[in-house]
file query23.json (JSON, C-alpha atoms)
[["chain", "number", "residue", "atom", "x", "y", "z"],
["D", 1, "MET", "CA", 13.33, 71.43, -23.19],
["D", 2, "THR", "CA", 10.75, 74.21, -23.19],
["D", 3, "THR", "CA", 10.12, 76.15, -20.00],
["D", 4, "ASP", "CA", 6.49, 76.72, -20.97],
["D", 5, "LEU", "CA", 3.69, 75.32, -18.84],
["D", 6, "VAL", "CA", 0.21, 74.15, -19.77],
["D", 7, "ALA", "CA", -2.82, 74.91, -17.64],
["D", 8, "ALA", "CA", -4.59, 71.56, -17.71],
["D", 9, "VAL", "CA", -8.25, 71.02, -16.82],
["D", 10, "ASP", "CA", -10.02, 67.70, -16.22],
["D", 11, "ILE", "CA", -13.84, 67.95, -16.10],
["D", 12, "GLY", "CA", -15.87, 64.93, -15.04],
["D", 13, "GLY", "CA", -19.14, 64.09, -13.40],
["D", 14, "THR", "CA", -17.50, 63.81, -9.97],
["D", 15, "LYS", "CA", -14.72, 66.39, -9.92],
["D", 16, "ILE", "CA", -13.28, 69.40, -11.73],
["D", 17, "ALA", "CA", -9.50, 69.47, -11.44],
["D", 18, "GLY", "CA", -6.90, 71.87, -12.73],
["D", 19, "ALA", "CA", -3.11, 71.86, -12.69],
["D", 20, "LEU", "CA", -0.04, 73.59, -14.05],
["D", 21, "VAL", "CA", 1.87, 70.92, -15.97],
["D", 22, "ASP", "CA", 5.45, 71.16, -17.19],
["D", 23, "GLY", "CA", 7.14, 69.60, -20.22],
["D", 24, "THR", "CA", 8.00, 66.40, -18.35],
["D", 25, "GLY", "CA", 4.41, 65.79, -17.26],
["D", 26, "ASP", "CA", 4.94, 66.86, -13.65],
["D", 27, "LEU", "CA", 2.10, 68.70, -11.89],
["D", 28, "LEU", "CA", 3.48, 71.85, -10.30],
["D", 29, "HIS", "CA", 0.26, 73.07, -8.72],
["D", 30, "ARG", "CA", -3.14, 71.37, -8.43],
["D", 31, "VAL", "CA", -6.64, 72.64, -7.60],
["D", 32, "GLN", "CA", -9.83, 70.52, -7.35],
["D", 33, "LEU", "CA", -13.52, 70.93, -6.51],
["D", 34, "PRO", "CA", -16.49, 68.56, -6.63],
["D", 35, "THR", "CA", -18.58, 68.87, -9.79],
["D", 36, "PRO", "CA", -22.07, 70.21, -9.00],
["D", 37, "ALA", "CA", -23.28, 67.96, -11.81],
["D", 38, "GLY", "CA", -26.98, 68.14, -10.96],
["D", 39, "GLU", "CA", -27.07, 71.92, -10.76],
["D", 40, "SER", "CA", -27.42, 74.68, -13.35],
["D", 41, "ALA", "CA", -24.98, 75.36, -16.18],
["D", 42, "ASP", "CA", -23.89, 78.57, -14.48],
["D", 43, "ARG", "CA", -23.24, 76.79, -11.19],
["D", 44, "VAL", "CA", -21.02, 74.20, -12.88],
["D", 45, "MET", "CA", -19.16, 76.95, -14.74],
["D", 46, "ALA", "CA", -18.70, 78.85, -11.47],
["D", 47, "ALA", "CA", -16.97, 75.81, -9.95],
["D", 48, "LEU", "CA", -14.69, 75.58, -12.99],
["D", 49, "THR", "CA", -13.93, 79.31, -12.79],
["D", 50, "THR", "CA", -12.93, 78.87, -9.13],
["D", 51, "VAL", "CA", -10.53, 76.09, -10.12],
["D", 52, "LEU", "CA", -9.07, 78.20, -12.93],
["D", 53, "GLY", "CA", -8.72, 81.14, -10.57],
["D", 54, "GLY", "CA", -6.61, 78.98, -8.29],
["D", 55, "LEU", "CA", -4.26, 78.41, -11.21],
["D", 56, "THR", "CA", -4.10, 81.98, -12.47],
["D", 57, "ARG", "CA", -3.12, 83.24, -9.02],
["D", 58, "HIS", "CA", -0.11, 80.93, -8.84],
["D", 59, "ALA", "CA", 3.33, 82.52, -9.16],
["D", 60, "SER", "CA", 4.13, 80.42, -12.25],
["D", 61, "TRP", "CA", 1.05, 81.50, -14.24],
["D", 62, "SER", "CA", 3.19, 83.84, -16.35],
["D", 63, "ARG", "CA", 4.88, 80.75, -17.83],
["D", 64, "VAL", "CA", 1.59, 79.26, -19.05],
["D", 65, "ALA", "CA", 1.50, 79.17, -22.85],
["D", 66, "ALA", "CA", -1.71, 77.21, -23.46],
["D", 67, "VAL", "CA", -4.77, 75.67, -21.86],
["D", 68, "GLY", "CA", -5.62, 71.99, -22.33],
["D", 69, "ILE", "CA", -9.10, 70.74, -21.45],
["D", 70, "GLY", "CA", -10.24, 67.15, -21.17],
["D", 71, "SER", "CA", -14.00, 67.08, -20.60],
["D", 72, "ALA", "CA", -16.66, 64.48, -20.14],
["D", 73, "GLY", "CA", -18.37, 64.21, -23.49],
["D", 74, "PRO", "CA", -19.47, 64.46, -26.04],
["D", 75, "VAL", "CA", -17.41, 67.53, -26.82],
["D", 76, "ASP", "CA", -17.11, 69.55, -30.00],
["D", 77, "ALA", "CA", -13.58, 70.83, -30.47],
["D", 78, "ARG", "CA", -14.64, 72.67, -33.63],
["D", 79, "THR", "CA", -17.00, 74.99, -31.76],
["D", 80, "GLY", "CA", -15.52, 74.80, -28.26],
["D", 81, "THR", "CA", -18.76, 73.42, -26.83],
["D", 82, "VAL", "CA", -19.57, 70.43, -24.63],
["D", 83, "SER", "CA", -22.67, 68.35, -23.87],
["D", 84, "PRO", "CA", -21.57, 65.88, -21.17],
["D", 85, "VAL", "CA", -24.01, 63.02, -20.61],
["D", 86, "ASN", "CA", -23.33, 63.15, -16.86],
["D", 87, "ILE", "CA", -23.62, 66.96, -16.53],
["D", 88, "PRO", "CA", -27.18, 67.56, -17.78],
["D", 89, "GLY", "CA", -27.03, 71.33, -17.33],
["D", 90, "TRP", "CA", -24.36, 71.61, -20.02],
["D", 91, "ARG", "CA", -25.87, 71.10, -23.46],
["D", 92, "ASP", "CA", -23.96, 72.77, -26.31],
["D", 93, "PHE", "CA", -22.35, 74.73, -23.53],
["D", 94, "PRO", "CA", -19.70, 77.25, -24.73],
["D", 95, "LEU", "CA", -16.93, 75.88, -22.55],
["D", 96, "VAL", "CA", -13.92, 77.37, -24.33],
["D", 97, "GLU", "CA", -15.55, 80.81, -24.27],
["D", 98, "GLY", "CA", -16.22, 80.42, -20.55],
["D", 99, "VAL", "CA", -12.63, 79.34, -19.87],
["D", 100, "ARG", "CA", -11.21, 82.26, -21.82],
["D", 101, "ALA", "CA", -13.12, 84.68, -19.60],
["D", 102, "THR", "CA", -10.57, 83.68, -16.94],
["D", 103, "THR", "CA", -7.48, 82.68, -18.92],
["D", 104, "GLY", "CA", -7.55, 85.34, -21.64],
["D", 105, "GLU", "CA", -6.54, 84.66, -25.23],
["D", 106, "LEU", "CA", -4.22, 81.73, -24.59],
["D", 107, "PRO", "CA", -4.60, 78.95, -27.17],
["D", 108, "VAL", "CA", -7.02, 76.27, -25.99],
["D", 109, "THR", "CA", -7.10, 72.59, -26.90],
["D", 110, "LEU", "CA", -10.35, 70.75, -26.11],
["D", 111, "VAL", "CA", -10.66, 66.96, -26.23],
["D", 112, "GLY", "CA", -12.94, 64.37, -24.65],
["D", 113, "ASP", "CA", -11.80, 63.03, -21.31],
["D", 114, "GLY", "CA", -11.10, 59.63, -22.80],
["D", 115, "ALA", "CA", -8.80, 61.13, -25.42],
["D", 116, "ALA", "CA", -7.06, 63.10, -22.68],
["D", 117, "ILE", "CA", -6.44, 59.97, -20.64],
["D", 118, "ALA", "CA", -5.14, 58.21, -23.75],
["D", 119, "ALA", "CA", -2.73, 61.09, -24.37],
["D", 120, "GLY", "CA", -1.55, 61.00, -20.76],
["D", 121, "GLU", "CA", -1.07, 57.24, -20.54],
["D", 122, "HIS", "CA", 0.72, 57.22, -23.90],
["D", 123, "TRP", "CA", 3.06, 60.02, -22.82],
["D", 124, "ARG", "CA", 3.80, 59.05, -19.23],
["D", 125, "GLY", "CA", 1.91, 55.88, -18.31],
["D", 126, "ALA", "CA", 0.98, 52.32, -19.20],
["D", 127, "ALA", "CA", 0.73, 52.98, -22.97],
["D", 128, "ARG", "CA", 4.18, 54.51, -23.20],
["D", 129, "GLY", "CA", 6.11, 53.08, -26.16],
["D", 130, "ARG", "CA", 3.03, 51.32, -27.57],
["D", 131, "SER", "CA", 1.75, 52.20, -31.03],
["D", 132, "ASN", "CA", -1.90, 51.07, -31.20],
["D", 133, "VAL", "CA", -3.81, 51.46, -27.97],
["D", 134, "LEU", "CA", -7.31, 51.92, -26.64],
["D", 135, "CYS", "CA", -7.25, 53.73, -23.30],
["D", 136, "MET", "CA", -10.41, 53.57, -21.23],
["D", 137, "VAL", "CA", -11.72, 55.20, -18.09],
["D", 138, "VAL", "CA", -14.34, 53.22, -16.17],
["D", 139, "SER", "CA", -15.79, 55.42, -13.47],
["D", 140, "THR", "CA", -19.05, 57.36, -13.12],
["D", 141, "GLY", "CA", -19.21, 56.88, -16.89],
["D", 142, "VAL", "CA", -17.15, 54.97, -19.43],
["D", 143, "GLY", "CA", -14.94, 56.85, -21.85],
["D", 144, "GLY", "CA", -12.07, 56.06, -24.13],
["D", 145, "GLY", "CA", -9.43, 57.43, -26.44],
["D", 146, "LEU", "CA", -7.30, 56.05, -29.25],
["D", 147, "VAL", "CA", -3.62, 56.02, -30.09],
["D", 148, "THR", "CA", -2.87, 54.63, -33.55],
["D", 149, "ASP", "CA", 0.51, 54.51, -35.27],
["D", 150, "GLY", "CA", 1.96, 56.09, -32.14],
["D", 151, "ARG", "CA", -0.19, 59.24, -32.18],
["D", 152, "LEU", "CA", -3.28, 60.40, -30.34],
["D", 153, "ARG", "CA", -6.30, 60.37, -32.68],
["D", 154, "PRO", "CA", -9.03, 62.50, -31.09],
["D", 155, "GLY", "CA", -10.95, 62.90, -34.34],
["D", 156, "PRO", "CA", -12.37, 66.14, -35.75],
["D", 157, "THR", "CA", -14.59, 66.87, -32.74],
["D", 158, "GLY", "CA", -12.36, 65.36, -30.02],
["D", 159, "ASN", "CA", -14.58, 62.32, -29.35],
["D", 160, "ALA", "CA", -12.91, 59.46, -31.24],
["D", 161, "GLY", "CA", -12.72, 56.32, -29.11],
["D", 162, "HIS", "CA", -15.82, 57.12, -27.03],
["D", 163, "ILE", "CA", -16.41, 53.43, -26.40],
["D", 164, "GLY", "CA", -18.88, 54.02, -23.57],
["D", 165, "HIS", "CA", -21.64, 54.67, -26.08],
["D", 166, "ILE", "CA", -21.15, 51.68, -28.31],
["D", 167, "SER", "CA", -24.31, 49.57, -27.99],
["D", 168, "VAL", "CA", -23.65, 46.02, -26.84],
["D", 169, "ASP", "CA", -27.28, 45.13, -26.08],
["D", 170, "PHE", "CA", -29.75, 46.30, -28.73],
["D", 171, "ASN", "CA", -32.69, 45.55, -26.42],
["D", 172, "GLY", "CA", -30.98, 46.93, -23.34],
["D", 173, "ASP", "CA", -31.88, 49.78, -21.03],
["D", 174, "LEU", "CA", -32.27, 53.27, -22.42],
["D", 175, "CYS", "CA", -29.07, 55.23, -21.90],
["D", 176, "PRO", "CA", -29.05, 58.94, -21.03],
["D", 177, "CYS", "CA", -27.26, 59.49, -24.36],
["D", 178, "GLY", "CA", -30.43, 58.35, -26.17],
["D", 179, "GLY", "CA", -29.14, 54.94, -27.23],
["D", 180, "ARG", "CA", -29.91, 51.51, -25.80],
["D", 181, "GLY", "CA", -27.66, 48.96, -24.17],
["D", 182, "CYS", "CA", -24.57, 51.17, -24.22],
["D", 183, "VAL", "CA", -21.36, 49.91, -22.62],
["D", 184, "GLU", "CA", -21.61, 52.74, -20.09],
["D", 185, "ARG", "CA", -25.18, 51.84, -19.14],
["D", 186, "ILE", "CA", -23.94, 48.40, -18.10],
["D", 187, "ALA", "CA", -20.29, 48.75, -17.15],
["D", 188, "SER", "CA", -19.86, 52.06, -15.31],
["D", 189, "GLY", "CA", -19.43, 52.20, -11.57],
["D", 190, "THR", "CA", -22.80, 53.88, -11.27],
["D", 191, "ASN", "CA", -24.49, 51.05, -13.13],
["D", 192, "ILE", "CA", -22.59, 48.28, -11.37],
["D", 193, "ALA", "CA", -24.02, 49.61, -8.11],
["D", 194, "ARG", "CA", -27.46, 50.16, -9.65],
["D", 195, "TYR", "CA", -27.63, 46.57, -10.90],
["D", 196, "ALA", "CA", -26.42, 45.06, -7.61],
["D", 197, "LEU", "CA", -28.86, 47.06, -5.50],
["D", 198, "ALA", "CA", -31.78, 46.24, -7.82],
["D", 199, "ALA", "CA", -30.88, 42.55, -7.56],
["D", 200, "GLY", "CA", -31.05, 42.66, -3.77],
["D", 201, "TRP", "CA", -27.45, 43.21, -2.70],
["D", 202, "ARG", "CA", -26.82, 45.32, 0.39],
["D", 203, "PRO", "CA", -23.56, 45.94, 2.25],
["D", 204, "ALA", "CA", -23.13, 43.91, 5.43],
["D", 205, "ASP", "CA", -23.03, 47.14, 7.43],
["D", 206, "PRO", "CA", -26.35, 49.03, 7.03],
["D", 207, "GLU", "CA", -24.28, 52.25, 6.88],
["D", 208, "GLY", "CA", -21.80, 50.72, 4.45],
["D", 209, "ASP", "CA", -20.70, 51.76, 0.98],
["D", 210, "THR", "CA", -23.38, 51.21, -1.67],
["D", 211, "THR", "CA", -21.21, 52.43, -4.57],
["D", 212, "ALA", "CA", -19.27, 50.20, -6.96],
["D", 213, "ALA", "CA", -16.40, 50.23, -4.46],
["D", 214, "GLY", "CA", -18.68, 48.60, -1.90],
["D", 215, "VAL", "CA", -19.87, 46.08, -4.48],
["D", 216, "ALA", "CA", -16.20, 45.27, -5.20],
["D", 217, "VAL", "CA", -15.57, 44.54, -1.52],
["D", 218, "ALA", "CA", -18.53, 42.16, -1.50],
["D", 219, "ALA", "CA", -17.35, 40.52, -4.72],
["D", 220, "ARG", "CA", -13.95, 39.80, -3.18],
["D", 221, "GLU", "CA", -15.80, 38.12, -0.33],
["D", 222, "GLY", "CA", -17.67, 35.95, -2.82],
["D", 223, "HIS", "CA", -21.13, 37.55, -2.70],
["D", 224, "PRO", "CA", -22.93, 36.09, -5.75],
["D", 225, "ILE", "CA", -24.86, 39.23, -6.72],
["D", 226, "ALA", "CA", -21.73, 41.38, -6.43],
["D", 227, "LEU", "CA", -19.79, 38.90, -8.56],
["D", 228, "GLU", "CA", -22.58, 38.92, -11.15],
["D", 229, "ALA", "CA", -22.59, 42.74, -11.24],
["D", 230, "PHE", "CA", -18.88, 42.80, -12.03],
["D", 231, "ASP", "CA", -19.12, 39.92, -14.49],
["D", 232, "ARG", "CA", -21.88, 41.78, -16.33],
["D", 233, "SER", "CA", -19.75, 44.92, -16.44],
["D", 234, "ALA", "CA", -16.73, 42.96, -17.66],
["D", 235, "ARG", "CA", -18.69, 41.32, -20.47],
["D", 236, "ALA", "CA", -19.98, 44.68, -21.70],
["D", 237, "LEU", "CA", -16.47, 46.09, -21.66],
["D", 238, "ALA", "CA", -15.12, 43.03, -23.46],
["D", 239, "ALA", "CA", -17.75, 43.27, -26.19],
["D", 240, "GLY", "CA", -16.92, 46.93, -26.78],
["D", 241, "ILE", "CA", -13.18, 46.29, -26.75],
["D", 242, "ALA", "CA", -13.47, 43.37, -29.18],
["D", 243, "ALA", "CA", -15.54, 45.45, -31.59],
["D", 244, "THR", "CA", -13.02, 48.30, -31.44],
["D", 245, "ALA", "CA", -10.04, 45.99, -31.90],
["D", 246, "THR", "CA", -11.67, 44.27, -34.86],
["D", 247, "LEU", "CA", -12.26, 47.63, -36.51],
["D", 248, "ILE", "CA", -8.88, 49.29, -36.02],
["D", 249, "GLU", "CA", -6.47, 46.54, -34.84],
["D", 250, "ILE", "CA", -5.47, 47.77, -31.41],
["D", 251, "GLU", "CA", -2.84, 45.75, -29.59],
["D", 252, "THR", "CA", -3.20, 46.99, -26.02],
["D", 253, "VAL", "CA", -6.06, 48.17, -23.82],
["D", 254, "VAL", "CA", -5.25, 50.40, -20.85],
["D", 255, "ILE", "CA", -8.02, 50.71, -18.27],
["D", 256, "GLY", "CA", -8.16, 53.37, -15.57],
["D", 257, "GLY", "CA", -10.81, 55.14, -13.53],
["D", 258, "GLY", "CA", -12.28, 54.35, -10.14],
["D", 259, "VAL", "CA", -13.74, 50.96, -11.11],
["D", 260, "SER", "CA", -10.31, 49.77, -12.29],
["D", 261, "GLN", "CA", -9.17, 50.04, -8.67],
["D", 262, "SER", "CA", -11.26, 46.92, -8.07],
["D", 263, "GLY", "CA", -8.32, 44.95, -9.48],
["D", 264, "GLU", "CA", -8.90, 41.32, -10.37],
["D", 265, "VAL", "CA", -12.59, 41.61, -9.44],
["D", 266, "LEU", "CA", -12.84, 43.47, -12.75],
["D", 267, "PHE", "CA", -9.76, 42.38, -14.73],
["D", 268, "GLY", "CA", -10.24, 38.65, -14.17],
["D", 269, "PRO", "CA", -13.72, 38.36, -15.73],
["D", 270, "LEU", "CA", -12.78, 40.98, -18.34],
["D", 271, "ARG", "CA", -9.87, 38.92, -19.65],
["D", 272, "ARG", "CA", -12.01, 35.77, -19.66],
["D", 273, "ALA", "CA", -14.84, 37.50, -21.55],
["D", 274, "LEU", "CA", -12.41, 39.03, -24.00],
["D", 275, "ARG", "CA", -11.17, 35.56, -24.96],
["D", 276, "GLU", "CA", -14.78, 34.73, -25.77],
["D", 277, "TYR", "CA", -15.47, 37.85, -27.86],
["D", 278, "ALA", "CA", -12.09, 38.58, -29.49],
["D", 279, "THR", "CA", -11.81, 35.42, -31.58],
["D", 280, "LEU", "CA", -10.32, 36.48, -34.90],
["D", 281, "PRO", "CA", -6.58, 35.80, -35.25],
["D", 282, "PHE", "CA", -5.54, 39.45, -35.32],
["D", 283, "VAL", "CA", -7.37, 40.34, -32.08],
["D", 284, "ARG", "CA", -6.75, 37.24, -29.96],
["D", 285, "THR", "CA", -3.55, 38.60, -28.45],
["D", 286, "ILE", "CA", -4.94, 41.89, -27.11],
["D", 287, "GLU", "CA", -3.17, 42.82, -23.88],
["D", 288, "VAL", "CA", -5.26, 44.38, -21.08],
["D", 289, "VAL", "CA", -3.32, 46.37, -18.49],
["D", 290, "PRO", "CA", -4.24, 48.78, -15.68],
["D", 291, "ALA", "CA", -3.54, 52.48, -16.10],
["D", 292, "GLN", "CA", -0.56, 53.90, -14.23],
["D", 293, "LEU", "CA", -1.31, 57.60, -13.79],
["D", 294, "GLY", "CA", -4.25, 57.25, -11.42],
["D", 295, "THR", "CA", -6.41, 60.30, -10.79],
["D", 296, "ASP", "CA", -3.89, 62.58, -12.53],
["D", 297, "ALA", "CA", -4.21, 60.88, -15.94],
["D", 298, "GLY", "CA", -6.77, 63.36, -17.24],
["D", 299, "LEU", "CA", -4.66, 66.35, -16.24],
["D", 300, "VAL", "CA", -1.43, 64.97, -17.68],
["D", 301, "GLY", "CA", -3.34, 64.05, -20.83],
["D", 302, "ALA", "CA", -5.05, 67.42, -21.19],
["D", 303, "ALA", "CA", -1.56, 68.92, -21.17],
["D", 304, "ALA", "CA", -0.21, 66.25, -23.53],
["D", 305, "ALA", "CA", -2.94, 67.10, -26.03],
["D", 306, "CYS", "CA", -1.29, 70.54, -26.33],
["D", 307, "TRP", "CA", 2.11, 69.09, -27.31],
["D", 308, "SER", "CA", 3.14, 67.48, -30.60],
["D", 309, "ASP", "CA", 5.69, 65.22, -28.92],
["D", 310, "PRO", "CA", 6.70, 65.22, -25.25],
["D", 311, "GLY", "CA", 8.73, 68.38, -24.71],
["D", 312, "THR", "CA", 7.78, 70.11, -27.98],
["D", 313, "PHE", "CA", 5.15, 72.76, -27.41],
["D", 314, "LEU", "CA", 2.49, 73.41, -30.03],
["D", 315, "ALA", "CA", 1.46, 77.04, -29.58],
["D", 316, "VAL", "CA", -1.73, 76.74, -31.56],
["D", 317, "GLY", "CA", -5.37, 76.99, -30.62],
["D", 318, "ALA", "CA", -7.40, 73.88, -31.40],
["D", 319, "ALA", "CA", -10.84, 74.86, -30.23],
["D", 320, "GLY", "CA", -12.92, 77.97, -30.37],
["D", 321, "ASN", "CA", -10.58, 79.80, -32.77]]
call {"tool": "encode", "arguments": {"input": "query23.json", "output": "structure tokens"}}
result
Amino acid sequence: MTTDLVAAVDIGGTKIAGALVDGTGDLLHRVQLPTPAGESADRVMAALTTVLGGLTRHASWSRVAAVGIGSAGPVDARTGTVSPVNIPGWRDFPLVEGVRATTGELPVTLVGDGAAIAAGEHWRGAARGRSNVLCMVVSTGVGGGLVTDGRLRPGPTGNAGHIGHISVDFNGDLCPCGGRGCVERIASGTNIARYALAAGWRPADPEGDTTAAGVAVAAREGHPIALEAFDRSARALAAGIAATATLIEIETVVIGGGVSQSGEVLFGPLRRALREYATLPFVRTIEVVPAQLGTDAGLVGAAAACWSDPGTFLAVGAAGN
């Protein structure tokens, strides 16, 4: 087994996390800051630089052989740039160049956050041992990544499997991505809460949680608007999953992210809706399972994207070279 480490970075609309990850997928050192998503490009990059600095100062930094980045997308692995929908200050932002200002000339692999989570869950989590999988993160946004024939398939730009921006309602709300009726615009935690609040739901405690987590609590208690918000989210997810499965014959769907912590409030209506949408014989048996790696999935996956097989390091640069 190699003694090399990967410096893994997970960039999302809520947090920027970094870790030193070894060849077994263990996190040896972790650093995290909130993402200043509504601020300037430089301010977001400064937060990332602080996280990276916390890694470079660690005693094991000399063992780091590559940097793996999973970022909210879309990303462009060919140019090393990112344009995350939920970080408006970053448009065609030269992320790999910015990272290298701290990490030097180490090889860098850049993939979308959904692809990173797919790589992580396939290596160490719920998709382990499965050959054809869609892994999804349902959180502030909705992302996804694909494993086909047992290998991560990030696509030429690192965005393959970005299910959050499949349109499932042609006359739906305008999405920040520019499309209409996207899965993310309906199914994300942000939009679950938005829908419930617009429909008149409020937490029982005036100072209570008005996020999707608060809506989930109300749904478990049987609040009709909260139940409708989650049912609406589940149907959008099911429509996107069914379309993806019909196109590429996936067998398993792994769902992680903050909204997945709602448990059966989400998974129950999702499985019911999937039976309605996935009707062809070769997609009827799709298995839907919760992710296993929790909040570390993106970090483990960003590292996994730098390895050909678990334990075999690929010392090549994939982005910005």
call {"tool": "residues_around", "arguments": {"input": "query23.json", "residues": "Trp61 in chain D", "least_positions_apart": "2", "cutoff": "10 Å", "atoms": "all atoms listed in the file", "output": "list in words"}}
result
Asp4, Leu5, Val6, Ala7, Leu20, Leu55, Thr56, Arg57, His58, Ala59, Arg63, Val64, Ala65 and Thr103 of chain D
call {"tool": "closest_atom_pairs", "arguments": {"input": "query23.json", "of": "range 47-131 of chain D", "to": "range 254-259 of chain D", "cutoff": "12 Å", "atoms": "only C-alpha atoms", "output": "tab-separated table"}}
result
residue	atom	partner	partner_atom	distance
D:Asp113	CA	D:Gly257	CA	11.1
D:Gly114	CA	D:Gly256	CA	10.0
D:Ile117	CA	D:Gly256	CA	8.5
D:Ala118	CA	D:Val254	CA	8.3
D:Ala119	CA	D:Val254	CA	11.5
D:Gly120	CA	D:Val254	CA	11.2
D:Glu121	CA	D:Val254	CA	8.0
D:His122	CA	D:Val254	CA	9.6
D:Gly125	CA	D:Val254	CA	9.4
D:Ala126	CA	D:Val254	CA	6.7
D:Ala127	CA	D:Val254	CA	6.8
D:Arg128	CA	D:Val254	CA	10.6
D:Arg130	CA	D:Val254	CA	10.7
call {"tool": "residues_around", "arguments": {"input": "query23.json", "residues": "range 297-299 of chain D", "least_positions_apart": "2", "cutoff": "7 Å", "atoms": "only C-alpha atoms", "output": "compact mmCIF listing (two decimals) with C-alpha atoms, in the frame of the given file"}}
result
# COMPACT_ATOMS: atom_id res chain seq x y z
CA ALA D 8 -4.59 71.56 -17.71
CA VAL D 9 -8.25 71.02 -16.82
CA ASP D 10 -10.02 67.70 -16.22
CA GLY D 18 -6.90 71.87 -12.73
CA ALA D 19 -3.11 71.86 -12.69
CA GLY D 70 -10.24 67.15 -21.17
CA ASP D 113 -11.80 63.03 -21.31
CA ALA D 116 -7.06 63.10 -22.68
CA ILE D 117 -6.44 59.97 -20.64
CA GLY D 120 -1.55 61.00 -20.76
CA GLU D 121 -1.07 57.24 -20.54
CA LEU D 293 -1.31 57.60 -13.79
CA GLY D 294 -4.25 57.25 -11.42
CA THR D 295 -6.41 60.30 -10.79
CA GLY D 301 -3.34 64.05 -20.83
CA ALA D 302 -5.05 67.42 -21.19
CA ALA D 303 -1.56 68.92 -21.17
call {"tool": "residues_around", "arguments": {"input": "query23.json", "residues": "Ala115 in chain D", "least_positions_apart": "5", "cutoff": "8 Å", "atoms": "all atoms listed in the file", "output": "tab-separated table (two decimals) with C-alpha atoms, in the frame of the given file"}}
result
chain	number	residue	atom	x	y	z
D	70	GLY	CA	-10.24	67.15	-21.17
D	135	CYS	CA	-7.25	53.73	-23.30
D	144	GLY	CA	-12.07	56.06	-24.13
D	145	GLY	CA	-9.43	57.43	-26.44
D	146	LEU	CA	-7.30	56.05	-29.25
D	152	LEU	CA	-3.28	60.40	-30.34
D	153	ARG	CA	-6.30	60.37	-32.68
D	154	PRO	CA	-9.03	62.50	-31.09
D	158	GLY	CA	-12.36	65.36	-30.02
D	159	ASN	CA	-14.58	62.32	-29.35
D	160	ALA	CA	-12.91	59.46	-31.24
D	161	GLY	CA	-12.72	56.32	-29.11
D	301	GLY	CA	-3.34	64.05	-20.83
call {"tool": "atom_distance", "arguments": {"input": "query23.json", "atom1": "CA of Ala101 in chain D", "atom2": "CA of Val85 in chain D"}}
result
24.3 Å
call {"tool": "atom_distance", "arguments": {"input": "query23.json", "atom1": "CA of Leu280 in chain D", "atom2": "CA of Gly172 in chain D"}}
result
25.9 Å
call {"tool": "residues_around", "arguments": {"input": "query23.json", "residues": "range 189-195 of chain D", "least_positions_apart": "4", "cutoff": "8 Å", "atoms": "only C-alpha atoms", "output": "ChimeraX atom specification"}}
result
/D:138-141,184-185,199,210-213,215,229-230,233,258-259
call {"tool": "residues_near_point", "arguments": {"input": "query23.json", "point": "(-18.7, 44.6, 0.7)", "cutoff": "9 Å", "atoms": "only C-alpha atoms", "output": "ChimeraX atom specification"}}
result
/D:202-205,208-210,213-221,223,226
call {"tool": "axis_aligned_box", "arguments": {"input": "query23.json", "around": "range 272-275 of chain D", "padding_each_side": "6 Å", "output": "JSON"}}
result
{"center_x": -13.0, "center_y": 37.3, "center_z": -22.3, "size_x": 15.7, "size_y": 15.5, "size_z": 17.3}
call {"tool": "atom_distance", "arguments": {"input": "query23.json", "atom1": "CA of Pro269 in chain D", "atom2": "CA of Pro224 in chain D"}}
result
13.8 Å
call {"tool": "closest_residue", "arguments": {"input": "query23.json", "among": "D:Val21, D:Leu27, D:Leu237, D:Leu274", "to": "Asp169 in chain D", "atoms": "only C-alpha atoms"}}
result
D:Leu237
call {"tool": "build_atoms", "arguments": {"input": "query23.json", "residues": "range 74-80 of chain D", "atoms": "N, CA, C and O atoms", "output": "mmCIF file, keeping the file's coordinate frame"}}
result
data_model
loop_
_atom_site.group_PDB
_atom_site.id
_atom_site.type_symbol
_atom_site.label_atom_id
_atom_site.label_comp_id
_atom_site.auth_asym_id
_atom_site.auth_seq_id
_atom_site.Cartn_x
_atom_site.Cartn_y
_atom_site.Cartn_z
ATOM 1 N N PRO D 74 -20.280 64.036 -24.893
ATOM 2 C CA PRO D 74 -19.470 64.460 -26.040
ATOM 3 C C PRO D 74 -19.047 65.917 -25.983
ATOM 4 O O PRO D 74 -19.684 66.740 -25.333
ATOM 5 N N VAL D 75 -17.920 66.175 -26.672
ATOM 6 C CA VAL D 75 -17.410 67.530 -26.820
ATOM 7 C C VAL D 75 -17.447 67.878 -28.300
ATOM 8 O O VAL D 75 -17.634 67.008 -29.150
ATOM 9 N N ASP D 76 -17.268 69.145 -28.608
ATOM 10 C CA ASP D 76 -17.110 69.550 -30.000
ATOM 11 C C ASP D 76 -15.957 70.530 -30.076
ATOM 12 O O ASP D 76 -16.111 71.718 -29.788
ATOM 13 N N ALA D 77 -14.788 70.012 -30.423
ATOM 14 C CA ALA D 77 -13.580 70.830 -30.470
ATOM 15 C C ALA D 77 -13.656 71.889 -31.565
ATOM 16 O O ALA D 77 -12.934 72.877 -31.525
ATOM 17 N N ARG D 78 -14.534 71.689 -32.557
ATOM 18 C CA ARG D 78 -14.640 72.670 -33.630
ATOM 19 C C ARG D 78 -15.305 73.950 -33.154
ATOM 20 O O ARG D 78 -14.974 75.040 -33.606
ATOM 21 N N THR D 79 -16.257 73.824 -32.246
ATOM 22 C CA THR D 79 -17.000 74.990 -31.760
ATOM 23 C C THR D 79 -16.638 75.370 -30.334
ATOM 24 O O THR D 79 -17.065 76.422 -29.849
ATOM 25 N N GLY D 80 -15.871 74.527 -29.654
ATOM 26 C CA GLY D 80 -15.520 74.800 -28.260
ATOM 27 C C GLY D 80 -16.640 74.551 -27.289
ATOM 28 O O GLY D 80 -16.642 75.098 -26.187
#
